[in-house]
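Raw work-v8.csv, CSV, C-alpha atoms:
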chain,number,residue,atom,x,y,z
A,112,MET,CA,-46.0,19.7,16.3
A,113,ASP,CA,-43.5,19.5,13.4
A,114,LEU,CA,-40.8,22.1,13.1
A,115,PRO,CA,-40.7,24.2,10.0
A,116,ARG,CA,-38.6,22.7,7.2
A,117,SER,CA,-36.4,25.8,7.1
A,118,ILE,CA,-35.4,25.3,10.8
A,119,VAL,CA,-34.7,21.6,10.2
A,120,ALA,CA,-32.6,22.5,7.2
A,121,LEU,CA,-30.8,25.2,9.1
A,122,GLY,CA,-30.0,22.8,11.9
A,123,ALA,CA,-28.7,20.2,9.5
A,124,THR,CA,-26.5,22.7,7.8
A,125,TRP,CA,-25.1,23.9,11.2
A,126,PHE,CA,-24.4,20.3,12.2
A,127,LEU,CA,-22.6,19.5,8.9
A,128,ALA,CA,-20.6,22.7,9.2
A,129,GLN,CA,-19.5,21.9,12.8
A,130,ALA,CA,-18.5,18.3,11.7
A,131,HIS,CA,-16.5,19.7,8.8
A,132,ALA,CA,-14.8,22.2,11.1
A,133,GLU,CA,-13.9,19.5,13.6
A,134,CYS,CA,-12.5,17.2,11.0
A,135,ALA,CA,-10.5,19.9,9.2
A,136,PRO,CA,-6.7,19.2,9.2
A,137,VAL,CA,-4.8,20.7,12.1
A,138,GLU,CA,-1.7,23.0,11.6
A,139,ILE,CA,1.4,20.8,11.4
A,140,LEU,CA,4.3,22.4,13.4
A,141,ASN,CA,7.0,19.7,12.6
A,142,PRO,CA,8.2,18.7,10.1
A,143,LEU,CA,7.6,22.0,8.2
A,144,ARG,CA,5.7,21.8,5.0
A,145,ASP,CA,7.8,21.1,1.9
A,146,SER,CA,10.9,20.8,4.1
A,147,THR,CA,13.6,18.1,3.6
A,148,ILE,CA,14.7,16.2,6.7
A,149,HIS,CA,17.3,13.6,7.4
A,150,ASP,CA,15.3,11.4,9.9
A,151,SER,CA,13.4,8.3,8.9
A,152,ARG,CA,11.2,8.5,12.0
A,153,PRO,CA,10.6,12.2,12.5
A,154,GLY,CA,8.8,13.5,15.6
A,155,ILE,CA,5.5,14.9,14.3
A,156,LYS,CA,3.9,17.8,16.2
A,157,TRP,CA,0.8,19.8,15.6
A,158,THR,CA,-1.4,22.5,17.2
A,159,ALA,CA,-4.1,21.4,19.6
A,160,LEU,CA,-7.8,21.8,18.8
A,161,PRO,CA,-10.1,23.1,21.6
A,162,GLY,CA,-11.9,20.2,23.3
A,163,VAL,CA,-10.3,17.5,21.1
A,164,LYS,CA,-8.9,14.6,23.1
A,165,LEU,CA,-8.1,12.1,20.3
A,166,TYR,CA,-6.4,12.8,16.9
A,167,ARG,CA,-6.1,10.7,13.8
A,168,VAL,CA,-2.7,10.6,12.1
A,169,GLN,CA,-2.4,9.4,8.5
A,170,ILE,CA,1.0,9.0,6.9
A,171,GLU,CA,2.0,7.8,3.4
A,172,SER,CA,5.6,7.7,2.2
A,173,ARG,CA,6.6,7.0,-1.4
A,174,VAL,CA,9.8,6.8,-3.4
A,175,PRO,CA,10.1,9.3,-6.2
A,176,GLU,CA,9.1,6.6,-8.7
A,177,GLY,CA,5.8,6.2,-6.9
A,178,GLN,CA,6.1,2.9,-5.0
A,179,VAL,CA,4.5,3.1,-1.5
A,180,LEU,CA,7.0,2.5,1.2
A,181,GLU,CA,4.9,2.9,4.3
A,182,ARG,CA,1.3,3.6,5.3
A,183,ILE,CA,0.4,4.5,8.9
A,184,ASP,CA,-3.1,5.2,10.3
A,185,ALA,CA,-3.1,5.8,14.1
A,186,ARG,CA,-5.1,7.4,16.8
A,187,VAL,CA,-3.2,9.6,19.3
A,188,GLY,CA,-4.3,11.2,22.5
A,189,ASP,CA,-1.6,13.9,22.3
A,190,THR,CA,-0.3,16.6,19.9
A,191,GLY,CA,2.8,14.6,18.9
A,192,PHE,CA,3.6,11.3,17.3
A,193,VAL,CA,6.7,9.3,16.3
A,194,PRO,CA,6.2,6.8,13.5
A,195,PRO,CA,6.7,3.2,14.8
A,196,ARG,CA,8.5,2.2,11.6
A,197,PRO,CA,11.0,4.0,9.3
A,198,LEU,CA,9.3,6.0,6.6
A,199,ALA,CA,12.2,5.6,4.2
A,200,GLU,CA,15.6,3.9,3.8
A,201,ARG,CA,17.0,6.5,1.4
A,202,ARG,CA,14.6,9.0,-0.1
A,203,ALA,CA,10.8,9.5,0.1
A,204,ALA,CA,8.0,12.0,-0.4
A,205,VAL,CA,5.7,11.9,2.6
A,206,LYS,CA,2.0,12.9,2.8
A,207,LEU,CA,0.8,13.7,6.3
A,208,LEU,CA,-2.7,14.5,7.6
A,209,VAL,CA,-3.7,15.0,11.2
A,210,THR,CA,-7.4,15.6,12.1
A,211,ALA,CA,-9.6,15.2,15.1
A,212,ASP,CA,-10.8,11.6,15.3
A,213,CYS,CA,-14.1,12.2,13.5
A,214,PRO,CA,-17.1,9.8,12.9
A,215,GLU,CA,-16.6,10.5,9.2
A,216,PRO,CA,-12.9,9.9,8.5
A,217,THR,CA,-11.1,12.4,6.3
A,218,PRO,CA,-9.0,10.8,3.5
A,219,ILE,CA,-5.3,11.6,3.3
A,220,ALA,CA,-5.8,13.0,-0.1
A,221,THR,CA,-7.6,16.0,1.5
A,222,ARG,CA,-5.1,18.8,1.9
A,223,PRO,CA,-2.2,16.8,3.2
A,224,ALA,CA,1.0,18.4,4.5
A,225,TRP,CA,4.0,17.2,2.3
A,226,PHE,CA,7.6,16.8,3.4
A,227,PHE,CA,10.6,15.0,2.1
A,228,ILE,CA,13.1,12.6,3.6
A,229,ASP,CA,16.7,12.2,2.3
A,230,MET,CA,18.8,9.8,4.4
A,231,ALA,CA,21.9,9.8,2.2
A,232,PRO,CA,23.7,12.6,4.2
A,233,SER,CA,23.6,10.4,7.3
A,234,CYS,CA,25.2,7.4,5.6
A,235,SER,CA,27.9,8.7,3.2
A,236,ALA,CA,29.3,6.7,0.3
A,237,VAL,CA,32.5,4.7,0.9
A,238,GLN,CA,35.8,6.2,-0.1
A,239,GLY,CA,39.0,4.7,-1.6
A,240,LEU,CA,37.5,1.8,-3.4
A,241,SER,CA,40.3,-0.2,-4.9
A,242,PHE,CA,41.2,-3.7,-6.0
A,243,SER,CA,44.1,-6.0,-5.1
A,244,GLY,CA,45.3,-9.5,-5.2
A,245,ALA,CA,46.0,-11.8,-8.1
A,246,GLY,CA,43.8,-10.7,-11.0
A,247,ALA,CA,42.4,-7.9,-8.8
A,248,SER,CA,40.3,-10.5,-7.0
A,249,ARG,CA,39.7,-8.5,-3.9
A,250,ALA,CA,37.8,-5.2,-3.3
A,251,GLU,CA,38.9,-2.9,-0.5
A,252,TRP,CA,37.6,0.5,0.8
A,253,VAL,CA,37.8,2.9,3.7
A,254,ARG,CA,35.3,2.4,6.5
A,255,THR,CA,32.3,4.8,6.5
A,256,SER,CA,31.4,6.5,9.7
A,257,GLY,CA,28.2,4.9,11.1
A,258,ALA,CA,28.2,2.0,8.7
A,259,THR,CA,27.1,-1.3,10.2
A,260,ARG,CA,27.6,-3.4,7.1
A,261,TYR,CA,28.2,-3.1,3.3
A,262,GLU,CA,26.4,-4.4,0.3
A,263,VAL,CA,28.8,-5.5,-2.6
A,264,GLU,CA,27.5,-6.2,-6.1
A,265,ALA,CA,29.4,-7.2,-9.2
A,266,TYR,CA,27.8,-6.7,-12.6
A,267,SER,CA,28.8,-7.8,-16.1
A,268,LEU,CA,29.9,-4.6,-17.9
A,269,ALA,CA,28.8,-5.9,-21.3
A,270,GLU,CA,25.4,-7.3,-20.3
A,271,GLY,CA,24.5,-5.4,-17.1
A,272,ARG,CA,23.7,-8.7,-15.5
A,273,LEU,CA,24.2,-9.2,-11.8
A,274,ILE,CA,26.9,-11.8,-11.2
A,275,ALA,CA,27.3,-11.7,-7.5
A,276,ARG,CA,25.9,-10.0,-4.4
A,277,LYS,CA,27.0,-10.2,-0.8
A,278,GLU,CA,27.0,-8.4,2.5
A,279,THR,CA,29.9,-7.9,4.9
A,280,THR,CA,30.8,-6.1,8.0
A,281,LEU,CA,34.4,-5.8,6.9
A,282,THR,CA,36.0,-3.2,4.6
A,283,SER,CA,37.1,-5.8,2.0
A,284,THR,CA,35.7,-8.8,0.2
A,285,ASP,CA,36.6,-11.4,-2.4
A,286,LEU,CA,35.2,-10.9,-5.9
A,287,PRO,CA,33.9,-13.6,-8.3
A,288,GLN,CA,36.6,-15.1,-10.6
A,289,VAL,CA,35.2,-14.5,-14.1
A,290,GLY,CA,36.9,-13.4,-17.3
A,291,ALA,CA,34.4,-10.7,-18.1
A,292,ALA,CA,34.8,-7.0,-17.4
A,293,LEU,CA,33.0,-6.0,-14.2
A,294,VAL,CA,31.4,-3.0,-12.5
A,295,VAL,CA,31.6,-3.3,-8.8
A,296,ALA,CA,29.3,-1.4,-6.5
A,297,VAL,CA,29.9,-1.0,-2.7
A,298,ARG,CA,27.0,0.5,-0.8
A,299,PRO,CA,27.1,1.2,3.0
A,300,ARG,CA,24.2,0.5,5.4
A,301,CYS,CA,23.9,2.5,8.6
A,302,GLU,CA,21.3,0.4,10.5
A,303,SER,CA,18.1,0.8,8.3
A,304,VAL,CA,19.6,3.6,6.2
A,305,VAL,CA,21.2,2.8,2.8
A,306,GLY,CA,23.9,5.1,1.6
A,307,GLU,CA,25.0,6.0,-1.9
A,308,ALA,CA,27.0,3.4,-3.8
A,309,ALA,CA,30.7,3.8,-4.9
A,310,TYR,CA,31.6,2.2,-8.2
A,311,GLY,CA,34.8,0.6,-9.5
A,312,PHE,CA,35.7,-0.9,-12.9
A,313,LEU,CA,37.6,-4.0,-13.5
A,314,PRO,CA,38.7,-4.7,-17.1
A,315,ALA,CA,38.5,-8.2,-18.6
A,316,SER,CA,42.3,-8.5,-18.9
A,317,ARG,CA,43.4,-8.3,-15.3

What do you get writing this file as structure tokens?
Amino acid sequence: MDLPRSIVALGATWFLAQAHAECAPVEILNPLRDSTIHDSRPGIKWTALPGVKLYRVQIESRVPEGQVLERIDARVGDTGFVPPRPLAERRAAVKLLVTADCPEPTPIATRPAWFFIDMAPSCSAVQGLSFSGAGASRAEWVRTSGATRYEVEAYSLAEGRLIARKETTLTSTDLPQVGAALVVAVRPRCESVVGEAAYGFLPASR
């Protein structure tokens, strides 16, 4: 004997409602929504859902200009997760969505929790950038706390063209011997975090 269509429709509606409820995003406890943090691999925590043993964690981090830095899609049997890779080197806007691991996956565009990463405070700019030697051929600076190496770039002031780039673990380096005026940028790196650059100007007649 066939069931009345109204009962079948009601059952289907109830099933869809249950599936939608189970796949709804959970409440994120950490990081707080719209907060700015200084950790590239933050510990993510959320409230447990009754009866749920497996969660799906979706993360997408982007630089302010829009380039995607990292995408993570993981299944977790807990109410916490630490990204296996850094979500940013300097700054990023991060979308986060945590749901039960449903048969019909929920896209990250559905009501994500946003937070922001700013790593600059943990890797401050170098201080005391100066030039010495014959023709100011050497750049020197004060060591930045936590810095593991430094990126040094020299640009043509007139053209904006990159003339030289190097990395060093020291607090000084030789500069290219050219007759043009230069802008020199020294940027610290603290492991995977890139700090703000300090700039110096070298005139053509030096």

Need to verify the contact set: A:Cys234, 8 Å, only C-alpha atoms, exclusion of same-chain residues closer than 3 positions in sequence. Can you return it as a PDB file with C-alpha atoms, in the coordinates of the input?
ATOM      1  CA  MET A 230      18.800   9.800   4.400  1.00  0.00           C
ATOM      2  CA  ALA A 231      21.900   9.800   2.200  1.00  0.00           C
ATOM      3  CA  THR A 255      32.300   4.800   6.500  1.00  0.00           C
ATOM      4  CA  SER A 256      31.400   6.500   9.700  1.00  0.00           C
ATOM      5  CA  GLY A 257      28.200   4.900  11.100  1.00  0.00           C
ATOM      6  CA  ALA A 258      28.200   2.000   8.700  1.00  0.00           C
ATOM      7  CA  PRO A 299      27.100   1.200   3.000  1.00  0.00           C
ATOM      8  CA  ARG A 300      24.200   0.500   5.400  1.00  0.00           C
ATOM      9  CA  CYS A 301      23.900   2.500   8.600  1.00  0.00           C
ATOM     10  CA  VAL A 304      19.600   3.600   6.200  1.00  0.00           C
ATOM     11  CA  VAL A 305      21.200   2.800   2.800  1.00  0.00           C
ATOM     12  CA  GLY A 306      23.900   5.100   1.600  1.00  0.00           C
ATOM     13  CA  GLU A 307      25.000   6.000  -1.900  1.00  0.00           C
TER      14      GLU A 307
END

Counting all atoms listed in the file, find the residues whose atoms lie at most 12 Å from (-11.3, 8.7, 7.5) (file coordinates) and write them out as a PyMOL selection string.
-> chain A and resi 134-136+166-169+184-186+208-221

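The residue that comes closest to A:Pro194, out of A:Pro314, A:Gly290, A:Gly271, A:Pro153 and on the basis of all atoms listed in the file, is A:Pro153.
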
8 Å contact set for A:Asp285, all atoms listed in the file, chain neighbours under 2 positions out, as a count of residues only | 5

Got a sec: who's within 12 Å of A:Val205, counting only C-alpha atoms, leaving out chain neighbours fewer than 3 positions off, as number ranges by chain?
-> A: 142-148, 151-153, 169-175, 177-183, 197-199, 202, 208, 219-220, 223-229

In terms of the shortest atom-to-atom distance over only C-alpha atoms, which of A:Ser267, A:Ser233, A:Thr190, A:Thr282 is closest to A:Val253?
->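 Nearest to A:Val253: A:Thr282.
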